[in-house]
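Enquirer: Coordinates in query18.tsv, TSV, C-alpha atoms, are listed below.
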```
chain	number	residue	atom	x	y	z
K	134	MET	CA	-5.47	-9.33	60.14
K	135	THR	CA	-6.44	-5.70	59.60
K	136	ILE	CA	-4.62	-3.27	61.89
K	137	PHE	CA	-7.05	-0.41	61.63
K	138	THR	CA	-10.81	-0.57	62.29
K	139	ARG	CA	-13.08	1.90	60.52
K	140	ILE	CA	-16.09	3.38	62.24
K	141	THR	CA	-19.35	3.71	60.36
K	142	ARG	CA	-20.61	6.95	58.88
K	143	THR	CA	-23.52	6.92	61.30
K	144	THR	CA	-21.20	6.62	64.30
K	145	ALA	CA	-18.98	9.37	62.92
K	146	VAL	CA	-21.88	11.77	62.54
K	147	ALA	CA	-23.10	10.95	66.03
K	148	ALA	CA	-19.62	11.49	67.45
K	149	MET	CA	-19.32	14.85	65.72
K	150	GLY	CA	-22.67	15.86	67.08
K	151	LEU	CA	-21.64	14.87	70.60
K	152	GLY	CA	-18.40	16.81	70.24
K	153	LEU	CA	-20.20	19.96	69.15
K	154	ALA	CA	-22.77	19.55	71.90
K	155	THR	CA	-20.09	19.34	74.59
K	156	GLY	CA	-18.06	22.20	73.15
K	157	ALA	CA	-15.13	20.02	72.06
K	158	GLN	CA	-12.52	21.91	70.07
K	159	ALA	CA	-12.07	20.79	66.46
K	160	LEU	CA	-8.37	20.38	65.64
K	161	ASP	CA	-6.68	20.20	62.24
K	162	LEU	CA	-3.12	18.98	62.80
K	163	ARG	CA	0.04	19.48	60.75
K	164	GLY	CA	2.52	16.61	60.63
K	165	TRP	CA	6.20	16.66	59.60
K	166	ASN	CA	7.88	13.84	57.67
K	167	ILE	CA	11.24	13.81	55.89
K	168	HIS	CA	10.49	10.79	53.67
K	169	VAL	CA	8.84	10.36	50.27
K	170	GLU	CA	5.17	9.40	50.17
K	171	ASP	CA	5.61	5.68	49.47
K	172	TYR	CA	8.16	5.10	52.26
K	173	PRO	CA	7.15	2.81	55.18
K	174	VAL	CA	7.18	5.75	57.60
K	175	SER	CA	4.97	7.82	55.32
K	176	ILE	CA	2.39	5.08	54.81
K	177	ALA	CA	2.19	4.48	58.57
K	178	MET	CA	1.81	8.19	59.31
K	179	GLU	CA	-1.06	8.48	56.85
K	180	SER	CA	-2.71	5.48	58.50
K	181	PHE	CA	-2.25	7.15	61.88
K	182	ILE	CA	-3.97	10.39	60.98
K	183	ASP	CA	-6.75	8.54	59.09
K	184	GLU	CA	-7.40	6.41	62.17
K	185	VAL	CA	-7.49	9.45	64.44
K	186	SER	CA	-9.91	11.26	62.14
K	187	ASP	CA	-12.18	8.21	61.90
K	188	LYS	CA	-12.22	7.38	65.61
K	189	THR	CA	-12.80	10.99	66.71
K	190	GLY	CA	-15.63	11.42	64.25
K	191	GLY	CA	-13.73	14.15	62.44
K	192	GLU	CA	-13.09	16.23	65.57
K	193	VAL	CA	-9.33	15.71	65.13
K	194	THR	CA	-8.07	15.72	61.55
K	195	GLY	CA	-4.74	16.46	59.98
K	196	LYS	CA	-2.33	16.37	57.08
K	197	VAL	CA	1.13	14.83	56.80
K	198	TYR	CA	3.62	17.00	54.91
K	199	HIS	CA	6.16	14.64	53.34
K	200	ASN	CA	9.63	15.22	51.86
K	201	GLY	CA	10.72	17.58	54.63
K	202	VAL	CA	8.81	20.49	53.09
K	203	LEU	CA	8.16	21.96	56.54
K	204	GLY	CA	11.87	22.27	57.32
K	205	SER	CA	14.90	20.30	58.43
K	206	GLN	CA	14.66	17.65	61.13
K	207	PRO	CA	16.37	19.69	63.92
K	208	ASP	CA	14.19	22.70	63.10
K	209	ALA	CA	11.04	20.57	63.00
K	210	ILE	CA	11.82	19.05	66.41
K	211	GLU	CA	12.11	22.53	67.88
K	212	GLN	CA	8.92	23.70	66.13
K	213	MET	CA	7.05	20.73	67.56
K	214	ARG	CA	8.29	21.50	71.06
K	215	LEU	CA	6.94	25.02	70.63
K	216	GLY	CA	3.60	23.78	69.26
K	217	VAL	CA	4.12	25.25	65.79
K	218	LEU	CA	4.02	21.71	64.39
K	219	ASP	CA	1.53	19.27	65.90
K	220	PHE	CA	3.15	15.92	65.21
K	221	GLY	CA	5.99	14.31	63.31
K	222	GLU	CA	8.20	11.27	62.89
K	223	PHE	CA	11.81	11.70	64.00
K	224	SER	CA	14.98	9.69	64.50
K	225	LEU	CA	16.06	9.67	68.13
K	226	GLY	CA	19.60	10.42	66.93
K	227	PRO	CA	19.18	14.15	66.17
K	228	MET	CA	16.71	14.50	69.05
K	229	GLY	CA	19.60	14.21	71.50
K	230	GLN	CA	20.29	17.94	71.48
K	231	ALA	CA	16.85	18.62	72.90
K	232	VAL	CA	16.32	15.42	74.92
K	233	PRO	CA	19.51	14.00	76.50
K	234	GLU	CA	17.88	10.63	77.26
K	235	THR	CA	17.57	9.87	73.55
K	236	ASN	CA	21.36	9.93	73.16
K	237	VAL	CA	21.53	6.55	74.88
K	238	VAL	CA	20.12	4.69	71.86
K	239	SER	CA	23.02	5.97	69.72
K	240	LEU	CA	25.51	3.95	71.75
K	241	PRO	CA	26.93	1.15	69.58
K	242	PHE	CA	25.64	-2.35	70.33
K	243	ILE	CA	23.33	-1.01	73.07
K	244	PHE	CA	20.56	-3.26	71.68
K	245	ALA	CA	21.27	-6.93	71.01
K	246	SER	CA	18.92	-7.07	68.00
K	247	VAL	CA	16.01	-5.30	66.36
K	248	PRO	CA	13.41	-7.49	68.17
K	249	ASP	CA	15.24	-6.71	71.41
K	250	MET	CA	14.95	-2.99	70.65
K	251	TYR	CA	11.20	-3.32	70.01
K	252	ARG	CA	10.68	-5.18	73.28
K	253	LEU	CA	12.59	-2.65	75.35
K	254	MET	CA	11.20	0.46	73.66
K	255	ASP	CA	7.65	-0.87	74.05
K	256	GLY	CA	8.37	-1.35	77.76
K	257	ALA	CA	10.33	0.26	80.58
K	258	VAL	CA	13.09	1.73	78.40
K	259	GLY	CA	10.66	3.48	76.10
K	260	GLU	CA	8.77	4.84	79.10
K	261	ALA	CA	11.98	6.19	80.66
K	262	ILE	CA	12.98	7.90	77.41
K	263	GLY	CA	9.41	9.11	77.00
K	264	GLU	CA	9.54	10.83	80.39
K	265	GLY	CA	12.57	12.77	79.22
K	266	MET	CA	10.78	13.71	76.01
K	267	ARG	CA	7.66	14.89	77.82
K	268	ALA	CA	9.82	17.07	80.07
K	269	LYS	CA	10.96	18.82	76.88
K	270	GLY	CA	7.51	19.26	75.38
K	271	ILE	CA	7.27	16.09	73.26
K	272	GLN	CA	4.69	13.32	73.69
K	273	PRO	CA	5.77	9.97	72.15
K	274	LEU	CA	3.01	7.96	70.48
K	275	GLY	CA	4.81	4.99	68.96
K	276	TRP	CA	8.32	3.70	68.32
K	277	TYR	CA	9.10	3.21	64.63
K	278	ALA	CA	11.84	1.10	63.02
K	279	ALA	CA	14.83	2.48	61.17
K	280	GLY	CA	16.54	-0.86	60.76
K	281	ALA	CA	19.97	-1.83	61.96
K	282	ARG	CA	23.13	-0.25	60.58
K	283	SER	CA	25.84	-2.69	59.56
K	284	PHE	CA	29.30	-2.43	58.01
K	285	TYR	CA	30.09	-2.77	54.32
K	286	ASN	CA	33.46	-2.46	52.62
K	287	SER	CA	35.51	-3.40	49.56
K	288	VAL	CA	38.28	-5.34	51.37
K	289	ARG	CA	36.95	-8.25	53.45
K	290	PRO	CA	34.02	-9.59	55.47
K	291	ILE	CA	33.83	-8.39	59.07
K	292	ASN	CA	33.21	-11.10	61.64
K	293	THR	CA	35.22	-9.82	64.61
K	294	PRO	CA	36.47	-6.40	65.77
K	295	ALA	CA	39.93	-7.34	64.47
K	296	ASP	CA	38.54	-7.33	60.92
K	297	VAL	CA	37.98	-3.57	61.21
K	298	ASP	CA	41.66	-2.98	61.99
K	299	GLY	CA	43.19	-0.59	59.44
K	300	LEU	CA	40.00	-0.04	57.42
K	301	LYS	CA	39.05	3.52	56.49
K	302	VAL	CA	35.36	3.69	57.39
K	303	ARG	CA	32.99	6.55	56.68
K	304	VAL	CA	30.80	7.43	59.66
K	305	MET	CA	28.20	10.06	60.43
K	306	SER	CA	29.55	13.23	62.01
K	307	ASN	CA	29.11	12.14	65.61
K	308	ASP	CA	31.91	11.67	68.13
K	309	LEU	CA	30.31	8.45	69.38
K	310	PHE	CA	30.64	6.83	65.96
K	311	VAL	CA	34.21	8.03	65.49
K	312	LYS	CA	35.13	6.46	68.82
K	313	MET	CA	33.33	3.25	67.83
K	314	ILE	CA	35.62	2.76	64.82
K	315	GLU	CA	38.73	3.80	66.73
K	316	ALA	CA	37.93	1.25	69.47
K	317	MET	CA	38.36	-1.45	66.80
K	318	ASP	CA	41.57	0.14	65.46
K	319	GLY	CA	39.89	1.37	62.30
K	320	ASN	CA	40.26	4.82	60.79
K	321	ALA	CA	37.01	6.77	61.13
K	322	THR	CA	36.27	9.24	58.34
K	323	PRO	CA	33.28	11.54	58.89
K	324	MET	CA	31.88	12.81	55.59
K	325	ALA	CA	28.64	13.86	53.94
K	326	PHE	CA	26.45	10.95	52.85
K	327	ALA	CA	26.33	12.25	49.27
K	328	GLU	CA	30.11	11.82	48.98
K	329	VAL	CA	30.25	8.19	50.05
K	330	TYR	CA	29.69	6.44	46.69
K	331	GLN	CA	32.54	8.25	44.93
K	332	SER	CA	34.80	7.89	47.96
K	333	LEU	CA	34.22	4.12	47.99
K	334	LYS	CA	34.79	3.92	44.26
K	335	THR	CA	38.10	5.81	44.37
K	336	GLY	CA	39.41	4.26	47.57
K	337	VAL	CA	39.23	7.40	49.70
K	338	VAL	CA	37.44	5.13	52.16
K	339	ASP	CA	37.32	1.33	52.29
K	340	GLY	CA	33.84	1.11	53.70
K	341	ALA	CA	30.89	2.67	55.44
K	342	GLU	CA	27.87	1.54	57.47
K	343	ASN	CA	24.14	1.75	57.00
K	344	ASN	CA	20.91	-0.25	56.89
K	345	PRO	CA	20.10	-2.55	53.95
K	346	PRO	CA	17.67	-0.20	52.11
K	347	SER	CA	20.21	2.63	52.20
K	348	TYR	CA	23.07	0.35	51.12
K	349	GLU	CA	20.97	-0.89	48.22
K	350	SER	CA	19.16	2.28	47.09
K	351	THR	CA	22.38	4.34	46.93
K	352	ASN	CA	24.11	1.63	44.87
K	353	HIS	CA	26.91	1.44	47.41
K	354	PHE	CA	26.79	-2.33	46.95
K	355	GLU	CA	28.28	-1.81	43.48
K	356	VAL	CA	31.56	-0.54	44.96
K	357	ALA	CA	31.64	-2.27	48.35
K	358	LYS	CA	30.83	-5.94	47.91
K	359	TYR	CA	31.16	-7.16	51.51
K	360	TYR	CA	28.15	-6.52	53.74
K	361	SER	CA	28.52	-7.77	57.32
K	362	LEU	CA	25.41	-7.79	59.50
K	363	THR	CA	26.96	-6.42	62.68
K	364	GLU	CA	23.80	-4.46	63.55
K	365	HIS	CA	25.99	-2.15	65.62
K	366	LEU	CA	23.54	0.76	65.61
K	367	ILE	CA	19.82	0.20	66.11
K	368	ILE	CA	18.41	3.68	66.54
K	369	PRO	CA	14.62	3.74	66.89
K	370	GLU	CA	12.45	6.52	65.55
K	371	CYS	CA	9.43	8.10	67.16
K	372	LEU	CA	5.99	9.17	66.05
K	373	CYS	CA	5.56	12.14	68.37
K	374	MET	CA	3.10	14.88	69.15
K	375	SER	CA	3.72	18.33	70.55
K	376	LEU	CA	2.81	18.30	74.23
K	377	LYS	CA	1.00	21.59	73.63
K	378	THR	CA	-1.22	19.85	71.06
K	379	TRP	CA	-1.61	16.76	73.24
K	380	GLU	CA	-2.93	18.87	76.12
K	381	LYS	CA	-5.64	20.35	73.85
K	382	LEU	CA	-7.15	16.87	73.44
K	383	THR	CA	-9.84	15.44	75.68
K	384	PRO	CA	-8.92	12.27	77.62
K	385	GLU	CA	-10.97	10.24	75.15
K	386	GLN	CA	-9.18	11.81	72.20
K	387	GLN	CA	-5.80	11.18	73.85
K	388	ASP	CA	-6.70	7.48	74.15
K	389	ILE	CA	-7.62	7.38	70.46
K	390	VAL	CA	-4.42	9.15	69.42
K	391	MET	CA	-2.22	6.87	71.54
K	392	THR	CA	-3.92	3.71	70.25
K	393	ALA	CA	-3.58	4.91	66.65
K	394	GLY	CA	0.06	5.78	67.22
K	395	ARG	CA	0.89	2.32	68.51
K	396	ALA	CA	-1.02	0.68	65.67
K	397	SER	CA	0.84	2.78	63.13
K	398	ALA	CA	4.13	1.68	64.68
K	399	GLU	CA	3.19	-1.97	64.18
K	400	LEU	CA	2.30	-1.26	60.55
K	401	GLN	CA	5.54	0.63	59.94
K	402	ARG	CA	7.63	-2.17	61.42
K	403	GLU	CA	5.96	-4.70	59.12
K	404	LEU	CA	6.54	-2.53	56.06
K	405	TRP	CA	10.13	-1.83	57.06
K	406	ALA	CA	10.89	-5.56	57.46
K	407	GLU	CA	9.53	-6.19	53.97
K	408	ARG	CA	11.67	-3.36	52.57
K	409	GLU	CA	14.81	-4.68	54.28
K	410	ALA	CA	14.28	-8.21	53.01
K	411	ALA	CA	13.79	-6.97	49.45
K	412	SER	CA	16.95	-4.85	49.64
K	413	LEU	CA	19.03	-7.77	50.86
K	414	GLU	CA	17.80	-9.91	48.00
K	415	THR	CA	18.69	-7.16	45.53
K	416	VAL	CA	22.27	-6.75	46.77
K	417	LYS	CA	22.83	-10.50	46.89
K	418	ALA	CA	21.64	-10.76	43.30
K	419	GLY	CA	24.11	-7.98	42.48
K	420	GLY	CA	27.06	-9.99	43.76
K	421	THR	CA	27.31	-8.80	47.35
K	422	GLU	CA	28.71	-11.26	49.90
K	423	VAL	CA	26.44	-10.94	52.94
K	424	ASN	CA	27.55	-12.48	56.24
K	425	THR	CA	25.75	-12.63	59.57
K	426	VAL	CA	27.77	-11.90	62.70
K	427	ALA	CA	26.70	-14.64	65.06
K	428	ASP	CA	28.66	-13.57	68.13
K	429	LYS	CA	28.45	-9.87	68.96
K	430	ALA	CA	30.01	-10.21	72.41
K	431	PRO	CA	33.56	-9.34	71.21
K	432	PHE	CA	32.21	-6.19	69.56
K	433	GLN	CA	30.33	-5.22	72.73
K	434	GLN	CA	33.47	-5.77	74.80
K	435	ALA	CA	35.48	-3.62	72.40
K	436	MET	CA	33.07	-0.76	73.04
K	437	THR	CA	34.04	-0.48	76.73
K	438	PRO	CA	36.08	2.74	76.27
K	439	VAL	CA	33.23	4.26	74.23
K	440	TYR	CA	30.77	3.64	77.06
K	441	GLU	CA	33.20	4.82	79.72
K	442	ALA	CA	33.72	8.12	77.91
K	443	PHE	CA	29.98	8.57	77.32
K	444	LEU	CA	29.07	7.91	80.96
K	445	ALA	CA	31.86	10.18	82.19
K	446	ASP	CA	30.24	12.98	80.19
K	447	ASN	CA	26.67	11.91	81.05
K	448	PRO	CA	26.67	10.39	84.55
K	449	ASP	CA	22.95	11.07	84.96
K	450	LEU	CA	22.23	8.61	82.14
K	451	SER	CA	24.04	5.66	83.73
K	452	ASP	CA	20.85	4.13	85.16
K	453	LEU	CA	19.18	4.20	81.75
K	454	VAL	CA	22.20	2.61	80.08
K	455	GLU	CA	22.25	-0.09	82.76
K	456	LEU	CA	18.52	-0.69	82.34
K	457	ILE	CA	19.05	-1.50	78.67
K	458	ARG	CA	22.25	-3.52	79.06
K	459	SER	CA	20.93	-5.65	81.90
K	460	ALA	CA	17.58	-6.42	80.28
K	461	GLU	CA	16.90	-10.05	79.46
```
What does this structure look like when you write it as structure tokens?

Expert:
Amino acid sequence: MTIFTRITRTTAVAAMGLGLATGAQALDLRGWNIHVEDYPVSIAMESFIDEVSDKTGGEVTGKVYHNGVLGSQPDAIEQMRLGVLDFGEFSLGPMGQAVPETNVVSLPFIFASVPDMYRLMDGAVGEAIGEGMRAKGIQPLGWYAAGARSFYNSVRPINTPADVDGLKVRVMSNDLFVKMIEAMDGNATPMAFAEVYQSLKTGVVDGAENNPPSYESTNHFEVAKYYSLTEHLIIPECLCMSLKTWEKLTPEQQDIVMTAGRASAELQRELWAEREAASLETVKAGGTEVNTVADKAPFQQAMTPVYEAFLADNPDLSDLVELIRSAE
């Protein structure tokens, strides 16, 4: 079934005429994207802005600037808050500095699965996080997928927290992720992503963690043959608009933009799932031993000190954490 519906040329011309007659402001938007043009995020963003242009009869148009050419992700988030950039697609991980509520999704094992994350982010959890974003000048339009990060290493499969004991595991430079490894008696090693392949090859670290496309495209599977689908981090991404830009839109245009944003999220999720499946097939063909972790409860229980420390530092986020953990 086609996700996007095109309006006819006649309707577009009529809509443009109506907009000009009522004094509607024509807007040409700039969008930020860190990914290459054929990436699932990029394709979905292009579909979003095409849909908006079509449905507004050309009153709202725009261009997506790929490959991070408009700046780094933290800088772009700040520029969007200020209205310098109109829209963009961002991981909720680095958004935490500006929007505290988004830090919650970086807690390990906070979501039971990727479908669980979709369900919650499309509902009350996404709305609660969205309120925090709007308070900081960001209007969410749709929740994109970034896959689930899982462990890989050169020593053994990981099925229980005890299997992490003693392993040297590269993590992103974030205290939450260091504590996650330490809670399972592993040795956390923060390092730049570009250094991971050589560090795995030489034994500086035993393993790392990432989603299947990253594990495959970086060739990490060549030097770390055990890939265990723990899905310990499921950090959603957001197609967002500057609140300053959002408030320039008419109510009808806002409806169009929101509908297009949600449709683009559905498209991106489909494309991401296809990319993940292809990556898993590639690494299996390359000799990787892939195992699914059926019971995540022991991992979740092991994270108790991580959550206690986080909530001690962020007591105002306890209700949001409970909302996610108690959801059925």

Enquirer: With region 221-241 of chain K as the partner and 8 Å as the cut-off, tabulate the residues of region 253-365 of chain K that qualify, each row holding the nearest pair of atoms and their distance in Å to one decimal, using all atoms listed in the file, sorted by chain and rising number, as CSV.

Expert:
```
residue,atom,partner,partner_atom,distance
K:Ile262,CA,K:Glu234,CA,5.6
K:Gly265,CA,K:Glu234,CA,6.1
K:Met266,CA,K:Val232,CA,5.9
K:Lys269,CA,K:Val232,CA,6.6
K:Ala279,CA,K:Ser224,CA,7.9
K:Leu309,CA,K:Leu240,CA,7.0
K:Phe310,CA,K:Pro241,CA,7.7
K:Met313,CA,K:Pro241,CA,7.0
K:His365,CA,K:Pro241,CA,5.2
```

Enquirer: Taking 5 positions as the minimum chain separation for residues in the same chain, which residues sit within 10 Å of Glu455 (chain K) when counting only C-alpha atoms? Answer as a ChimeraX atom specification.

Expert: /K:243,450,460

Enquirer: Quick one: which region 317-414 of chain K residues come within 12 Å of region 430-441 of chain K, and what is the nearest atom pair for each with the distance in Å to one decimal, counting all atoms listed in the file, rows ordered by chain and ascending number, as a tab-separated table?

Expert:
```
residue	atom	partner	partner_atom	distance
K:Met317	CA	K:Ala435	CA	6.7
K:Asp318	CA	K:Ala435	CA	10.0
K:Thr363	CA	K:Phe432	CA	8.7
K:Glu364	CA	K:Phe432	CA	10.5
K:His365	CA	K:Phe432	CA	8.4
K:Leu366	CA	K:Gln433	CA	11.5
```

Enquirer: Can you spit out the residues from that selection as a tab-separated table (two decimals), keeping the file's coordinate frame, using C-alpha atoms?

Expert:
```tsv
chain	number	residue	atom	x	y	z
K	317	MET	CA	38.36	-1.45	66.80
K	318	ASP	CA	41.57	0.14	65.46
K	363	THR	CA	26.96	-6.42	62.68
K	364	GLU	CA	23.80	-4.46	63.55
K	365	HIS	CA	25.99	-2.15	65.62
K	366	LEU	CA	23.54	0.76	65.61
```

Enquirer: From the list K:Ala398, K:Val311, K:Ala406, K:Ile271, which residue is nearest Cys373 (chain K) when using only C-alpha atoms?

Expert: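 For Cys373 (chain K), the nearest of the given residues is K:Ile271.
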
Enquirer: Kindly indicate which residue among K:Lys417, K:Arg267, K:Lys188, K:His199 lies nearest to Ser175 (chain K), using all atoms listed in the file for the distances.

Expert: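 Closest residue, counting all atoms listed in the file: K:His199.
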
Enquirer: Need to verify the contact set: Ala159 (chain K), 8 Å, all atoms listed in the file, exclusion of same-chain residues closer than 4 positions in sequence. Can you return it as a VMD selection string?

Expert: chain K and resid 191 to 193

Enquirer: So which one's closest to Pro294 (chain K), K:Ser451, K:Trp405, K:Ser361, K:Leu218? Using all atoms listed in the file, please.

Expert: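 So, comparing all the options, the nearest one is K:Ser361.
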
Enquirer: K:Ser397, K:Thr378, K:Gln387, K:Thr421: which is nearest Glu349 (chain K), counting all atoms listed in the file?

Expert: K:Thr421

Enquirer: Go through K:Glu342, K:Glu260, K:Asp446, K:Glu399 and flag the residue nearest Ser180 (chain K), using only C-alpha atoms for the distances.

Expert: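 Looking at the shortest contact to Ser180 (chain K), the residue is K:Glu399.
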
Enquirer: Using CA of Ala257 (chain K) and CA of Ala427 (chain K) as the two end points, give the distance in Å to one decimal.

Expert: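 If I compute the distance from CA of Ala257 (chain K) to CA of Ala427 (chain K), I get 27.0 Å.
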
Enquirer: Taking only C-alpha atoms into account, name the residue in K:Pro369, K:Pro448, K:Pro384, K:Gly394 that is nearest to Asp249 (chain K).

Expert: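 Residue with the minimum atom-to-atom distance to Asp249 (chain K): K:Pro369.
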
Enquirer: Some atoms are absent from region 282-298 of chain K, so rebuild N, CA, C and O atoms and return them as a compact mmCIF listing (two decimals), in the coordinates of the input.

Expert:
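Written output follows (selection_22.txt):
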```txt
# COMPACT_ATOMS: atom_id res chain seq x y z
N ARG K 282 21.99 -0.64 61.42
CA ARG K 282 23.13 -0.25 60.58
C ARG K 282 24.22 -1.29 60.72
O ARG K 282 24.56 -1.72 61.83
N SER K 283 24.77 -1.70 59.59
CA SER K 283 25.84 -2.69 59.56
C SER K 283 26.97 -2.21 58.65
O SER K 283 26.78 -1.30 57.84
N PHE K 284 28.13 -2.85 58.78
CA PHE K 284 29.30 -2.43 58.01
C PHE K 284 29.32 -3.04 56.61
O PHE K 284 28.95 -4.20 56.41
N TYR K 285 29.78 -2.24 55.65
CA TYR K 285 30.09 -2.77 54.32
C TYR K 285 31.41 -2.15 53.86
O TYR K 285 31.75 -1.03 54.22
N ASN K 286 32.17 -2.95 53.09
CA ASN K 286 33.46 -2.46 52.62
C ASN K 286 33.91 -3.23 51.38
O ASN K 286 33.26 -4.20 50.97
N SER K 287 35.00 -2.80 50.81
CA SER K 287 35.51 -3.40 49.56
C SER K 287 36.70 -4.30 49.79
O SER K 287 37.32 -4.77 48.82
N VAL K 288 37.05 -4.60 51.05
CA VAL K 288 38.28 -5.34 51.37
C VAL K 288 38.01 -6.76 51.84
O VAL K 288 38.57 -7.73 51.29
N ARG K 289 37.15 -6.92 52.87
CA ARG K 289 36.95 -8.25 53.45
C ARG K 289 35.67 -8.28 54.28
O ARG K 289 35.18 -7.23 54.73
N PRO K 290 35.15 -9.47 54.54
CA PRO K 290 34.02 -9.59 55.47
C PRO K 290 34.47 -9.21 56.89
O PRO K 290 35.64 -9.38 57.24
N ILE K 291 33.55 -8.72 57.68
CA ILE K 291 33.83 -8.39 59.07
C ILE K 291 33.07 -9.37 59.95
O ILE K 291 31.84 -9.41 59.93
N ASN K 292 33.82 -10.15 60.71
CA ASN K 292 33.21 -11.10 61.64
C ASN K 292 33.60 -10.83 63.09
O ASN K 292 32.91 -11.25 64.00
N THR K 293 34.73 -10.16 63.28
CA THR K 293 35.22 -9.82 64.61
C THR K 293 35.74 -8.38 64.59
O THR K 293 35.99 -7.83 63.51
N PRO K 294 35.92 -7.76 65.75
CA PRO K 294 36.47 -6.40 65.77
C PRO K 294 37.82 -6.30 65.07
O PRO K 294 38.14 -5.25 64.48
N ALA K 295 38.61 -7.36 65.10
CA ALA K 295 39.93 -7.34 64.47
C ALA K 295 39.83 -7.13 62.96
O ALA K 295 40.77 -6.62 62.33
N ASP K 296 38.70 -7.49 62.37
CA ASP K 296 38.54 -7.33 60.92
C ASP K 296 38.37 -5.87 60.52
O ASP K 296 38.48 -5.54 59.33
N VAL K 297 38.11 -5.00 61.49
CA VAL K 297 37.98 -3.57 61.21
C VAL K 297 39.35 -2.88 61.24
O VAL K 297 39.52 -1.80 60.69
N ASP K 298 40.31 -3.55 61.83
CA ASP K 298 41.66 -2.98 61.99
C ASP K 298 42.22 -2.48 60.66
O ASP K 298 42.30 -3.22 59.68
```
